[in-house]
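Next up, model_35.cif (mmCIF, C-alpha atoms):
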data_model
loop_
_atom_site.label_atom_id
_atom_site.label_comp_id
_atom_site.auth_asym_id
_atom_site.auth_seq_id
_atom_site.Cartn_x
_atom_site.Cartn_y
_atom_site.Cartn_z
CA MET A 146 89.05 115.27 79.44
CA SER A 147 87.53 114.42 82.74
CA ALA A 148 85.89 116.95 84.95
CA HIS A 149 88.67 116.34 87.44
CA ASP A 150 91.46 118.03 85.57
CA HIS A 151 90.65 121.39 86.97
CA GLY A 152 92.96 122.76 89.61
CA HIS A 153 94.92 119.55 90.04
CA HIS A 154 98.49 120.74 89.64
CA GLY A 155 98.11 123.27 92.37
CA ALA A 156 99.81 124.42 95.53
CA ASP A 157 100.52 120.91 96.76
CA ASP A 158 102.87 120.27 93.86
CA PRO A 159 105.47 123.06 93.88
CA SER A 160 107.53 121.38 91.16
CA HIS A 161 104.68 122.01 88.72
CA PRO A 162 103.20 125.43 89.34
CA HIS A 163 99.96 126.35 87.68
CA ASN A 164 100.28 126.96 83.95
CA ALA A 165 103.62 125.16 83.76
CA PRO A 166 103.80 122.57 80.99
CA LEU A 167 102.71 119.11 82.10
CA SER A 168 105.46 116.55 82.50
CA GLU A 169 105.55 113.47 80.33
CA VAL A 170 104.17 111.22 83.06
CA GLN A 171 101.40 113.69 83.93
CA LEU A 172 100.30 113.73 80.30
CA ARG A 173 100.47 109.97 80.14
CA VAL A 174 98.24 109.46 83.18
CA LYS A 175 95.83 112.13 82.00
CA ALA A 176 95.60 110.46 78.61
CA LEU A 177 94.94 107.09 80.19
CA GLU A 178 92.23 108.40 82.53
CA SER A 179 90.55 110.26 79.66
CA LEU A 180 90.54 107.18 77.47
CA LEU A 181 89.28 104.81 80.18
CA THR A 182 86.58 107.31 81.15
CA ALA A 183 85.50 107.74 77.53
CA LYS A 184 85.17 103.97 77.27
CA GLY A 185 83.03 103.86 80.41
CA LEU A 186 85.58 101.68 82.21
CA VAL A 187 86.25 104.03 85.10
CA ASP A 188 84.13 106.51 87.01
CA PRO A 189 86.25 109.58 87.84
CA ALA A 190 84.17 110.09 90.98
CA ALA A 191 85.28 106.64 92.17
CA LEU A 192 88.90 107.66 91.59
CA ASP A 193 88.32 110.76 93.72
CA GLU A 194 86.82 108.60 96.46
CA LEU A 195 89.76 106.15 96.41
CA ILE A 196 92.24 109.01 96.66
CA ASP A 197 90.33 110.77 99.43
CA THR A 198 90.13 107.56 101.44
CA TYR A 199 93.91 107.15 101.59
CA GLU A 200 94.69 110.85 101.91
CA THR A 201 92.29 111.66 104.70
CA ARG A 202 90.80 108.54 106.33
CA ILE A 203 93.29 105.67 106.36
CA GLY A 204 96.74 106.38 107.79
CA PRO A 205 99.14 105.81 110.68
CA ARG A 206 96.75 107.40 113.21
CA ASN A 207 94.81 104.13 112.96
CA GLY A 208 97.84 102.09 113.97
CA ALA A 209 98.71 104.56 116.72
CA ARG A 210 95.31 103.97 118.33
CA VAL A 211 95.98 100.23 118.31
CA VAL A 212 99.40 100.68 119.94
CA ALA A 213 98.09 103.03 122.62
CA ARG A 214 95.28 100.65 123.53
CA ALA A 215 97.74 97.76 123.76
CA TRP A 216 99.85 99.83 126.15
CA VAL A 217 96.97 100.49 128.54
CA ASP A 218 94.95 97.28 128.23
CA PRO A 219 96.85 94.00 128.88
CA GLU A 220 93.94 91.82 127.76
CA PHE A 221 93.64 93.75 124.49
CA LYS A 222 97.39 93.37 123.98
CA ARG A 223 97.25 89.63 124.62
CA ARG A 224 94.50 89.19 122.05
CA LEU A 225 96.25 91.51 119.60
CA LEU A 226 99.45 89.47 119.67
CA GLU A 227 97.45 86.27 119.35
CA ASP A 228 95.09 87.24 116.51
CA ALA A 229 95.57 90.80 115.34
CA THR A 230 93.26 90.43 112.35
CA GLU A 231 90.18 89.79 114.50
CA VAL A 232 91.03 92.46 117.07
CA LEU A 233 91.69 95.06 114.38
CA ALA A 234 88.42 94.14 112.67
CA GLU A 235 86.60 95.02 115.90
CA MET A 236 88.18 98.47 115.63
CA GLY A 237 87.14 98.73 111.99
CA PHE A 238 90.65 98.37 110.58
CA VAL A 239 90.11 95.83 107.83
CA GLY A 240 90.48 95.43 104.13
CA ARG A 241 92.81 95.85 101.27
CA GLN A 242 96.48 95.06 101.98
CA GLY A 243 95.58 94.18 105.54
CA GLU A 244 93.39 91.11 105.16
CA ASP A 245 95.69 89.22 107.55
CA ILE A 246 97.75 91.25 110.01
CA VAL A 247 100.34 90.08 112.52
CA VAL A 248 101.50 92.34 115.36
CA LEU A 249 105.11 92.01 116.51
CA GLU A 250 106.02 93.13 120.01
CA ASN A 251 109.25 95.01 120.66
CA THR A 252 110.75 94.22 124.06
CA PRO A 253 114.00 95.09 125.83
CA LYS A 254 115.45 91.95 124.19
CA VAL A 255 113.85 91.97 120.72
CA HIS A 256 113.63 94.71 118.09
CA ASN A 257 111.40 94.03 115.08
CA LEU A 258 111.80 95.66 111.67
CA VAL A 259 109.41 95.25 108.71
CA VAL A 260 110.34 95.34 105.02
CA CYS A 261 109.14 94.02 101.66
CA THR A 262 112.19 93.22 99.55
CA LEU A 263 110.22 92.06 96.48
CA CYS A 264 107.76 94.96 96.11
CA SER A 265 106.51 97.26 98.87
CA CYS A 266 103.89 95.35 100.87
CA TYR A 267 102.67 97.38 103.84
CA PRO A 268 99.69 97.16 106.24
CA TRP A 269 97.43 99.74 104.59
CA PRO A 270 94.42 99.63 106.98
CA VAL A 271 96.58 100.57 109.98
CA LEU A 272 99.40 102.63 108.41
CA GLY A 273 97.95 103.94 105.14
CA LEU A 274 100.12 104.00 102.02
CA PRO A 275 103.87 103.51 102.49
CA PRO A 276 106.36 106.39 102.47
CA VAL A 277 108.83 106.72 99.60
CA TRP A 278 111.82 105.51 101.64
CA TYR A 279 110.02 102.24 102.48
CA LYS A 280 109.51 101.61 98.75
CA SER A 281 113.05 102.65 97.81
CA ALA A 282 115.88 100.39 96.65
CA PRO A 283 118.16 101.38 99.56
CA TYR A 284 115.67 100.22 102.20
CA ARG A 285 114.46 97.13 100.33
CA SER A 286 118.01 95.97 99.62
CA ARG A 287 119.63 96.75 102.97
CA ALA A 288 116.99 96.04 105.63
CA VAL A 289 117.65 92.29 105.43
CA ILE A 290 121.46 92.31 105.13
CA ASP A 291 122.30 95.33 107.30
CA PRO A 292 119.35 96.04 109.59
CA ARG A 293 121.50 97.57 112.31
CA GLY A 294 123.13 99.91 109.81
CA VAL A 295 119.73 100.98 108.48
CA LEU A 296 118.45 101.51 112.02
CA ARG A 297 121.53 103.61 112.84
CA GLU A 298 120.69 105.90 109.92
CA PHE A 299 117.26 106.36 111.47
CA GLY A 300 118.97 107.25 114.76
CA VAL A 301 118.15 103.93 116.42
CA GLU A 302 121.07 102.16 118.11
CA VAL A 303 120.31 98.55 119.01
CA ALA A 304 122.55 97.07 121.70
CA ASP A 305 124.51 93.91 120.88
CA ASP A 306 122.51 91.87 123.38
CA VAL A 307 119.23 92.78 121.69
CA GLU A 308 118.02 90.51 118.88
CA VAL A 309 117.00 92.22 115.64
CA ARG A 310 114.23 90.39 113.79
CA VAL A 311 113.58 91.51 110.23
CA TRP A 312 110.24 90.50 108.71
CA ASP A 313 110.21 90.29 104.91
CA SER A 314 106.57 90.61 103.79
CA THR A 315 106.73 88.09 100.96
CA ALA A 316 103.18 86.72 101.39
CA GLU A 317 99.78 88.30 102.17
CA LEU A 318 100.54 88.64 105.87
CA ARG A 319 101.06 92.24 106.86
CA TYR A 320 103.16 93.18 109.87
CA LEU A 321 102.72 95.94 112.42
CA VAL A 322 105.32 96.58 115.12
CA LEU A 323 104.09 97.21 118.65
CA PRO A 324 106.80 99.54 119.95
CA GLU A 325 107.87 99.72 123.57
CA ARG A 326 105.97 102.16 125.73
CA PRO A 327 108.38 104.94 126.68
CA ALA A 328 109.20 105.78 130.28
CA GLY A 329 107.50 108.80 131.76
CA THR A 330 104.09 108.04 130.28
CA GLU A 331 102.48 106.60 133.39
CA GLY A 332 99.03 108.03 133.90
CA MET A 333 98.70 109.34 130.37
CA THR A 334 95.38 108.79 128.63
CA GLU A 335 95.09 106.40 125.70
CA GLU A 336 94.49 109.36 123.43
CA ALA A 337 97.59 111.20 124.63
CA LEU A 338 99.64 108.04 124.24
CA ALA A 339 98.41 107.55 120.68
CA ALA A 340 99.68 111.03 119.83
CA LEU A 341 103.20 109.91 120.73
CA VAL A 342 103.22 106.93 118.35
CA THR A 343 104.84 107.56 114.98
CA ARG A 344 104.50 105.69 111.70
CA ASP A 345 108.19 104.76 111.75
CA ALA A 346 107.87 103.25 115.24
CA MET A 347 105.22 100.88 113.85
CA ILE A 348 107.53 99.86 110.95
CA GLY A 349 110.38 99.40 113.41
CA THR A 350 112.70 102.18 112.21
CA ALA A 351 112.08 104.36 115.27
CA ARG A 352 111.40 104.14 118.96
CA VAL A 353 108.60 106.09 120.57
CA ALA A 354 110.12 109.11 122.25
CA PRO A 355 109.09 109.97 125.79
CA PRO A 356 106.86 113.02 125.97
CA ALA A 357 108.17 116.43 126.91
CA ARG A 358 107.43 116.96 130.61
CA ALA A 359 104.85 119.66 129.96
CA THR A 360 102.94 117.46 127.56
CA ALA A 361 102.85 114.58 130.00
CA THR A 362 101.58 116.78 132.81
CA GLU A 363 98.93 118.26 130.58
CA ALA A 364 97.85 114.88 129.27
CA ALA A 365 97.60 113.44 132.76
CA ARG A 366 95.02 116.01 133.79
CA MET B 299 112.11 85.53 87.75
CA ASN B 300 115.56 86.62 88.84
CA GLY B 301 114.65 90.26 88.33
CA VAL B 302 115.91 93.54 89.73
CA HIS B 303 112.77 93.79 91.83
CA ASP B 304 114.30 91.05 94.04
CA LEU B 305 116.44 93.55 95.92
CA GLY B 306 117.12 91.84 99.25
CA GLY B 307 120.83 91.83 100.12
CA MET B 308 122.05 93.95 97.20
CA HIS B 309 124.67 96.65 97.69
CA GLY B 310 125.23 100.02 96.10
CA PHE B 311 121.89 101.81 96.47
CA GLY B 312 123.14 104.15 99.17
CA ARG B 313 121.54 105.48 102.32
CA VAL B 314 117.86 105.36 103.17
CA VAL B 315 116.59 108.93 102.89
CA PRO B 316 113.40 109.62 104.83
CA GLU B 317 111.41 112.73 103.91
CA PRO B 318 110.18 114.81 106.85
CA ASP B 319 106.40 115.42 106.86
CA GLU B 320 106.00 113.39 103.71
CA PRO B 321 102.65 113.79 101.91
CA VAL B 322 100.68 110.69 100.89
CA PHE B 323 101.14 111.61 97.22
CA HIS B 324 103.74 113.91 95.68
CA ALA B 325 101.89 114.93 92.53
CA GLU B 326 98.40 114.80 91.08
CA TRP B 327 99.41 112.17 88.53
CA GLU B 328 100.43 109.85 91.40
CA ARG B 329 96.93 110.15 92.87
CA ARG B 330 95.31 109.33 89.54
CA ALA B 331 97.72 106.47 88.69
CA PHE B 332 97.09 104.92 92.11
CA ALA B 333 93.32 105.19 91.81
CA LEU B 334 93.19 104.07 88.16
CA THR B 335 95.12 100.93 89.11
CA LEU B 336 92.71 100.07 91.93
CA ALA B 337 89.62 100.94 89.90
CA MET B 338 90.67 98.77 86.97
CA GLY B 339 91.65 95.99 89.39
CA ALA B 340 88.08 96.11 90.69
CA TRP B 341 86.91 94.62 87.38
CA GLY B 342 88.34 91.33 88.64
CA ARG B 343 89.96 90.38 85.34
CA TRP B 344 93.34 89.78 87.02
CA ASN B 345 94.60 88.95 90.47
CA LEU B 346 97.15 90.75 92.65
CA ASP B 347 99.85 88.22 91.83
CA MET B 348 99.42 89.00 88.14
CA THR B 349 99.70 92.69 88.96
CA ARG B 350 102.97 92.18 90.81
CA PHE B 351 104.29 90.02 87.97
CA ALA B 352 103.35 92.70 85.42
CA ARG B 353 105.41 95.30 87.30
CA GLU B 354 108.33 92.88 87.61
CA GLN B 355 108.47 92.63 83.83
CA MET B 356 109.35 96.30 83.45
CA PRO B 357 112.80 96.39 81.77
CA PRO B 358 115.35 96.34 84.61
CA VAL B 359 117.01 99.64 83.72
CA ASP B 360 113.61 101.35 83.63
CA TYR B 361 112.47 99.62 86.85
CA LEU B 362 115.40 100.92 88.85
CA ALA B 363 115.07 104.43 87.43
CA ALA B 364 111.29 104.59 87.96
CA THR B 365 109.42 105.86 90.97
CA TYR B 366 106.90 103.60 92.69
CA TYR B 367 103.82 104.96 90.91
CA GLU B 368 105.63 105.00 87.55
CA ARG B 369 105.97 101.24 88.03
CA TRP B 370 102.27 101.02 88.85
CA LEU B 371 101.45 102.98 85.71
CA TRP B 372 103.66 100.76 83.56
CA GLY B 373 102.04 97.67 85.08
CA VAL B 374 98.44 98.77 84.62
CA GLU B 375 99.06 99.87 81.03
CA ARG B 376 100.43 96.42 80.29
CA GLN B 377 97.52 94.67 82.00
CA LEU B 378 94.94 96.81 80.19
CA VAL B 379 96.40 95.64 76.87
CA ASP B 380 96.97 92.02 77.93
CA HIS B 381 93.35 91.70 79.08
CA GLY B 382 91.81 93.45 76.12
CA PHE B 383 90.60 96.67 77.74
CA LEU B 384 92.83 98.69 75.42
CA ALA B 385 94.24 98.02 71.98
CA ARG B 386 98.02 98.18 71.88
CA GLU B 387 97.85 101.29 69.67
CA GLU B 388 95.59 103.02 72.19
CA ALA B 389 98.04 102.31 75.01
CA ASP B 390 100.93 103.53 72.86
CA ARG B 391 99.10 106.77 72.15
CA CYS B 392 98.44 107.24 75.88
CA ARG B 393 102.14 106.80 76.61
CA THR B 394 102.91 109.74 74.37
CA GLY B 395 100.17 111.73 76.07
CA VAL B 396 98.33 112.57 72.85
CA ALA B 397 95.12 110.77 73.66
CA ALA B 398 94.13 113.43 76.17
CA GLY B 399 91.39 115.59 74.76
CA ALA B 400 91.07 113.53 71.59
CA VAL B 401 88.90 110.69 72.79
CA GLY B 402 85.46 112.23 72.93
CA SER B 403 83.52 113.16 76.00
CA PRO B 404 83.19 111.02 79.12
CA ARG B 405 80.19 108.77 79.13
CA GLU B 406 78.21 107.02 81.81
CA PRO B 407 80.39 104.29 83.33
CA GLU B 408 79.49 100.71 82.47
CA PRO B 409 77.48 98.85 85.12
CA ARG B 410 80.49 96.82 86.23
CA ALA B 411 82.80 99.83 86.66
CA LEU B 412 83.69 100.73 90.26
CA ARG B 413 81.43 103.58 91.41
CA ALA B 414 82.13 106.07 94.16
CA ALA B 415 79.39 104.63 96.35
CA SER B 416 81.00 101.18 96.20
CA VAL B 417 84.56 102.24 97.00
CA ALA B 418 84.28 101.75 100.78
CA ARG B 419 82.89 98.24 100.35
CA PHE B 420 85.55 97.42 97.75
CA LEU B 421 88.38 98.51 100.07
CA ARG B 422 86.97 96.76 103.13
CA ASN B 423 86.95 93.35 101.52
CA ARG B 424 88.38 90.98 104.14
CA ARG B 425 89.10 87.97 101.97
CA ALA B 426 91.91 88.04 99.45
CA ALA B 427 94.45 85.25 99.30
CA ARG B 428 93.40 83.09 102.29
CA ARG B 429 91.55 79.90 101.45
CA ASP B 430 89.52 77.37 103.45
CA ASP B 431 90.73 74.35 101.50
CA PRO B 432 91.56 71.51 103.91
CA VAL B 433 95.17 71.20 102.74
CA PRO B 434 97.41 69.46 105.28
CA PRO B 435 100.62 71.30 106.21
CA ARG B 436 103.88 69.71 105.08
CA PHE B 437 105.71 71.23 108.05
CA ARG B 438 105.18 71.83 111.76
CA VAL B 439 106.33 74.71 113.89
CA GLY B 440 109.93 74.02 114.87
CA ASP B 441 110.74 71.90 111.80
CA ARG B 442 114.13 72.51 110.21
CA VAL B 443 113.70 73.41 106.55
CA VAL B 444 115.75 74.46 103.56
CA ALA B 445 114.44 76.89 100.94
CA ARG B 446 114.55 75.29 97.53
CA ASN B 447 117.28 76.34 95.18
CA ILE B 448 114.97 77.03 92.25
CA HIS B 449 115.01 79.81 89.69
CA PRO B 450 111.58 80.03 88.07
CA ALA B 451 111.48 82.35 85.07
CA GLY B 452 107.92 83.37 85.96
CA HIS B 453 106.66 84.97 89.16
CA THR B 454 107.84 83.77 92.55
CA ARG B 455 107.69 85.06 96.11
CA LEU B 456 110.80 83.08 97.04
CA PRO B 457 113.53 85.73 97.23
CA ARG B 458 116.96 84.85 95.88
CA TYR B 459 118.72 85.58 99.16
CA VAL B 460 117.07 82.63 100.96
CA ARG B 461 117.34 79.98 98.22
CA GLY B 462 119.37 77.02 99.42
CA ARG B 463 119.45 78.46 102.96
CA ARG B 464 118.39 76.66 106.12
CA GLY B 465 115.85 77.94 108.57
CA ALA B 466 113.13 76.84 110.94
CA ILE B 467 109.34 77.07 110.81
CA ASP B 468 108.35 79.82 113.24
CA ARG B 469 104.59 80.05 112.54
CA ASP B 470 102.03 78.37 110.32
CA HIS B 471 99.79 81.11 108.92
CA GLY B 472 97.28 78.74 107.34
CA VAL B 473 96.30 78.10 103.73
CA PHE B 474 96.78 80.71 101.02
CA VAL B 475 96.76 80.98 97.25
CA PHE B 476 100.17 80.15 95.74
CA PRO B 477 101.34 83.26 93.82
CA ASP B 478 103.90 81.41 91.74
CA THR B 479 101.10 79.64 89.82
CA ASN B 480 98.32 82.18 90.39
CA ALA B 481 100.33 84.97 88.72
CA LEU B 482 100.60 82.88 85.56
CA GLY B 483 96.92 81.91 85.45
CA GLN B 484 97.87 78.33 86.34
CA GLY B 485 95.51 78.01 89.28
CA GLU B 486 95.49 78.91 92.95
CA LYS B 487 97.15 75.72 94.23
CA PRO B 488 96.23 76.57 97.87
CA GLN B 489 98.83 75.55 100.45
CA HIS B 490 100.23 76.53 103.83
CA VAL B 491 102.28 79.67 104.32
CA TYR B 492 104.84 79.79 107.12
CA SER B 493 107.07 82.39 108.68
CA VAL B 494 110.49 80.80 108.28
CA ARG B 495 113.24 82.06 110.57
CA PHE B 496 116.66 82.28 108.90
CA PRO B 497 119.58 83.15 111.20
CA ALA B 498 121.43 86.20 109.86
CA ARG B 499 124.68 84.21 109.69
CA GLU B 500 123.03 81.48 107.61
CA LEU B 501 122.10 84.14 105.05
CA TRP B 502 125.05 86.52 105.21
CA GLY B 503 127.96 84.62 106.67
CA PRO B 504 130.17 85.04 109.72
CA ASP B 505 130.26 88.85 109.62
CA ALA B 506 126.55 89.02 110.41
CA SER B 507 125.21 89.20 113.96
CA ALA B 508 125.01 85.84 115.70
CA ARG B 509 121.80 87.01 117.36
CA ASP B 510 119.77 88.45 114.49
CA ALA B 511 117.40 86.71 112.10
CA VAL B 512 115.27 87.34 109.03
CA TYR B 513 111.73 85.96 108.89
CA VAL B 514 110.42 85.24 105.40
CA ASP B 515 106.89 84.08 104.56
CA LEU B 516 107.15 81.03 102.32
CA TRP B 517 104.79 78.42 100.91
CA ASP B 518 104.97 74.61 101.14
CA ASP B 519 106.23 74.43 97.55
CA HIS B 520 109.21 76.66 98.40
CA LEU B 521 110.49 74.39 101.17
CA GLU B 522 112.08 71.00 101.82
CA HIS B 523 112.85 69.23 105.07
CA ALA B 524 116.44 70.02 106.07
#
Could you render the structure as structure tokens?
Amino acid sequence: MSAHDHGHHGADDPSHPHNAPLSEVQLRVKALESLLTAKGLVDPAALDELIDTYETRIGPRNGARVVARAWVDPEFKRRLLEDATEVLAEMGFVGRQGEDIVVLENTPKVHNLVVCTLCSCYPWPVLGLPPVWYKSAPYRSRAVIDPRGVLREFGVEVADDVEVRVWDSTAELRYLVLPERPAGTEGMTEEALAALVTRDAMIGTARVAPPARATATEAAR
Amino acid sequence: MNGVHDLGGMHGFGRVVPEPDEPVFHAEWERRAFALTLAMGAWGRWNLDMTRFAREQMPPVDYLAATYYERWLWGVERQLVDHGFLAREEADRCRTGVAAGAVGSPREPEPRALRAASVARFLRNRRAARRDDPVPPRFRVGDRVVARNIHPAGHTRLPRYVRGRRGAIDRDHGVFVFPDTNALGQGEKPQHVYSVRFPARELWGPDASARDAVYVDLWDDHLEHA
């Protein structure tokens, strides 16, 4: 057994309280890790580091910083839409499942929506690991045939005169949506703007909501 | 392969159900299955296309019933056996969970195993499937194209819902490895990848929006001039 078994089915996993019997899949993964560790093929400390990276360091806050900067800096936005990979590299957002990134701009006339119908490709360096719904059969099957219906379920109505563009991530290009900047955010700092940007807005299943008045006033100070 | 993983356009799976305040992982085993898959991938014995193909070969009934990381686990178990890291009997024992605690104590990882200090460098690798080969593009932006009506039994990134459909080249992304051969160990066959714009009505008929479109990234070998 690895040294990492201790305390792992804890408070974050309410379906398996401490001392409850391990599920079949838990046992299976534990067995595999033990065997690979005993063979010297994996270093459990490297597994911990991989997990920690995606739980605490790489996530949608990265993408939100990109969006906020694009909202306040027209030259940055121009370069971002032209060659996102290079611009993101300057911000340190590079690597696995984001080797080549394309940014898609939402406008009053175009709404972009990203999916991967064949697996669950997703721009990890800027959004982290994908949520369960993005990887689910309902989203993967319906985003391409009924994007407006899917968007409606997310509370997003797209007017008939707006074009919906669905991007199926079938190659190694990864797509990030640049949502529209909401009204009422004039004068807000880049940091305050970034706090408004949600993961779903950068997939295309949400719009960025305008800030509550108090927040905007506070942020403008 | 015409597998159940190729979900685009299917009906019957119901509503999309987002989870409020969703955690990155839902259980400890998901964390370990995720990390084990990446750490074993770091050995470089297989490529990402092979990994996707391995998961696609999960029996269809199991695939649809499985969660995302259960598919990862199934895939990595298969690859560990296929590439000789584990004997079939060892993998079978792991699947029943009995190997835990019965395999001796952990030992010092082999020199080629991914170490904690190398994880950041491993994840920040900026080159994956893009290639510098001077392969000329078969198509130009604006060209009218038709996706080939082919049904390879192996791996392909050409989804069923665009086969035989007409579209236009929207962007040329440059030269990339071709997954359809790379997944089978038949070489990288570098070629251009394009975003191809398919009008929604071309894919789904007259009930679809006249305005909307689906953009699919396809390789030279998936396309013909229309």
Explicit residue set for the PyMOL selection byres ((chain B and resi 516) around 9), as a ChimeraX atom specification
/A:315-316 /B:445,455-456,490-494,514-515,517-521
Enumerate as a short mmCIF file (atom, residue, chain, number, x, y, z; two decimals) with C-alpha atoms, keeping the file's coordinate frame the residues belonging to chain A that approach chain B to within 7 Å, with only C-alpha atoms taken into account.
data_model
loop_
_atom_site.label_atom_id
_atom_site.label_comp_id
_atom_site.auth_asym_id
_atom_site.auth_seq_id
_atom_site.Cartn_x
_atom_site.Cartn_y
_atom_site.Cartn_z
CA MET A 146 89.05 115.27 79.44
CA SER A 147 87.53 114.42 82.74
CA HIS A 153 94.92 119.55 90.04
CA HIS A 154 98.49 120.74 89.64
CA ASP A 158 102.87 120.27 93.86
CA GLN A 171 101.40 113.69 83.93
CA LEU A 172 100.30 113.73 80.30
CA ARG A 173 100.47 109.97 80.14
CA VAL A 174 98.24 109.46 83.18
CA LYS A 175 95.83 112.13 82.00
CA ALA A 176 95.60 110.46 78.61
CA LEU A 177 94.94 107.09 80.19
CA SER A 179 90.55 110.26 79.66
CA LEU A 180 90.54 107.18 77.47
CA THR A 182 86.58 107.31 81.15
CA ALA A 183 85.50 107.74 77.53
CA GLY A 185 83.03 103.86 80.41
CA LEU A 186 85.58 101.68 82.21
CA VAL A 187 86.25 104.03 85.10
CA ASP A 188 84.13 106.51 87.01
CA ALA A 190 84.17 110.09 90.98
CA ALA A 191 85.28 106.64 92.17
CA LEU A 192 88.90 107.66 91.59
CA GLU A 194 86.82 108.60 96.46
CA LEU A 195 89.76 106.15 96.41
CA ILE A 196 92.24 109.01 96.66
CA GLU A 200 94.69 110.85 101.91
CA VAL A 239 90.11 95.83 107.83
CA GLY A 240 90.48 95.43 104.13
CA ARG A 241 92.81 95.85 101.27
CA GLU A 244 93.39 91.11 105.16
CA THR A 262 112.19 93.22 99.55
CA LEU A 263 110.22 92.06 96.48
CA CYS A 264 107.76 94.96 96.11
CA LEU A 274 100.12 104.00 102.02
CA TRP A 278 111.82 105.51 101.64
CA LYS A 280 109.51 101.61 98.75
CA ALA A 282 115.88 100.39 96.65
CA PRO A 283 118.16 101.38 99.56
CA TYR A 284 115.67 100.22 102.20
CA ARG A 285 114.46 97.13 100.33
CA SER A 286 118.01 95.97 99.62
CA ARG A 287 119.63 96.75 102.97
CA VAL A 289 117.65 92.29 105.43
CA ILE A 290 121.46 92.31 105.13
CA GLU A 308 118.02 90.51 118.88
CA VAL A 309 117.00 92.22 115.64
CA ARG A 310 114.23 90.39 113.79
CA VAL A 311 113.58 91.51 110.23
CA TRP A 312 110.24 90.50 108.71
CA ASP A 313 110.21 90.29 104.91
CA SER A 314 106.57 90.61 103.79
CA THR A 315 106.73 88.09 100.96
CA ALA A 316 103.18 86.72 101.39
CA GLU A 317 99.78 88.30 102.17
#
Kindly resolve the PyMOL selection byres ((chain A and resi 327) around 8) on the present coordinates and return the residues as a PyMOL selection string.
chain A and resi 325-326+328-330+353-355
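In this structure, atom CA of Leu181 of chain A sits 26.8 Å away from atom CA of Ala363 of chain B.
Among the candidate residues B:Glu486, B:Glu387, B:Asp470, B:Asp441, the one lying nearest to Leu318 of chain A is B:Asp470, with distances computed using all atoms listed in the file.
In this model, the gap between atom CA of Arg438 of chain B and atom CA of Leu233 of chain A comes to 27.0 Å.
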Using only C-alpha atoms, which of the listed residues (A:Val260, A:Thr350, A:Glu335, A:Gly204) sits closest to Glu298 of chain A?
A:Thr350
Distance query Thr343 of chain A at most 9 Å, all atoms listed in the file, self and fewer than 6 positions along chain excluded, as a PDB file with C-alpha atoms, in the frame of the given file:
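Produced file part-v4.pdb, reproduced below:
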ATOM      1  CA  PRO A 205      99.140 105.810 110.680  1.00  0.00           C
ATOM      2  CA  ARG A 206      96.750 107.400 113.210  1.00  0.00           C
ATOM      3  CA  GLY A 208      97.840 102.090 113.970  1.00  0.00           C
ATOM      4  CA  ALA A 209      98.710 104.560 116.720  1.00  0.00           C
ATOM      5  CA  ALA A 351     112.080 104.360 115.270  1.00  0.00           C
ATOM      6  CA  ARG A 352     111.400 104.140 118.960  1.00  0.00           C
ATOM      7  CA  VAL A 353     108.600 106.090 120.570  1.00  0.00           C
TER       8      VAL A 353
END
Starting from 5 Å padding per side, set up an axis-aligned box that covers all listed atoms of segment 229-236 of chain A and hand over centre and edge lengths in Å, one decimal, as AutoDock Vina command-line options.
--center_x 91.1 --center_y 94.1 --center_z 114.7 --size_x 19.0 --size_y 18.7 --size_z 14.7
With distances taken over only C-alpha atoms, which residue among B:Ala385, B:Val439, B:Val473, B:Met299 lies nearest Gln355 of chain B?
B:Met299
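In terms of minimum interatomic distance to Gln377 of chain B, B:Met348 ranks closest within B:Ala364, B:Ala524, B:Met348, B:Met356, counting all atoms listed in the file.
Rounded to one decimal, atom CA of Thr198 of chain A and atom CA of Ala346 of chain A lie 22.9 Å from each other.
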Counting all atoms listed in the file, write as number ranges by chain all protein and nucleic acid residues lying at most 7 Å from (107.6, 97.3, 116.6) in the file's frame.
A: 249-251, 256-258, 321-324, 346-349
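Nearest residue to Ala234 of chain A among A:Pro270, A:Ile203, A:Pro219, A:Leu296 is A:Pro270, counting all atoms listed in the file.
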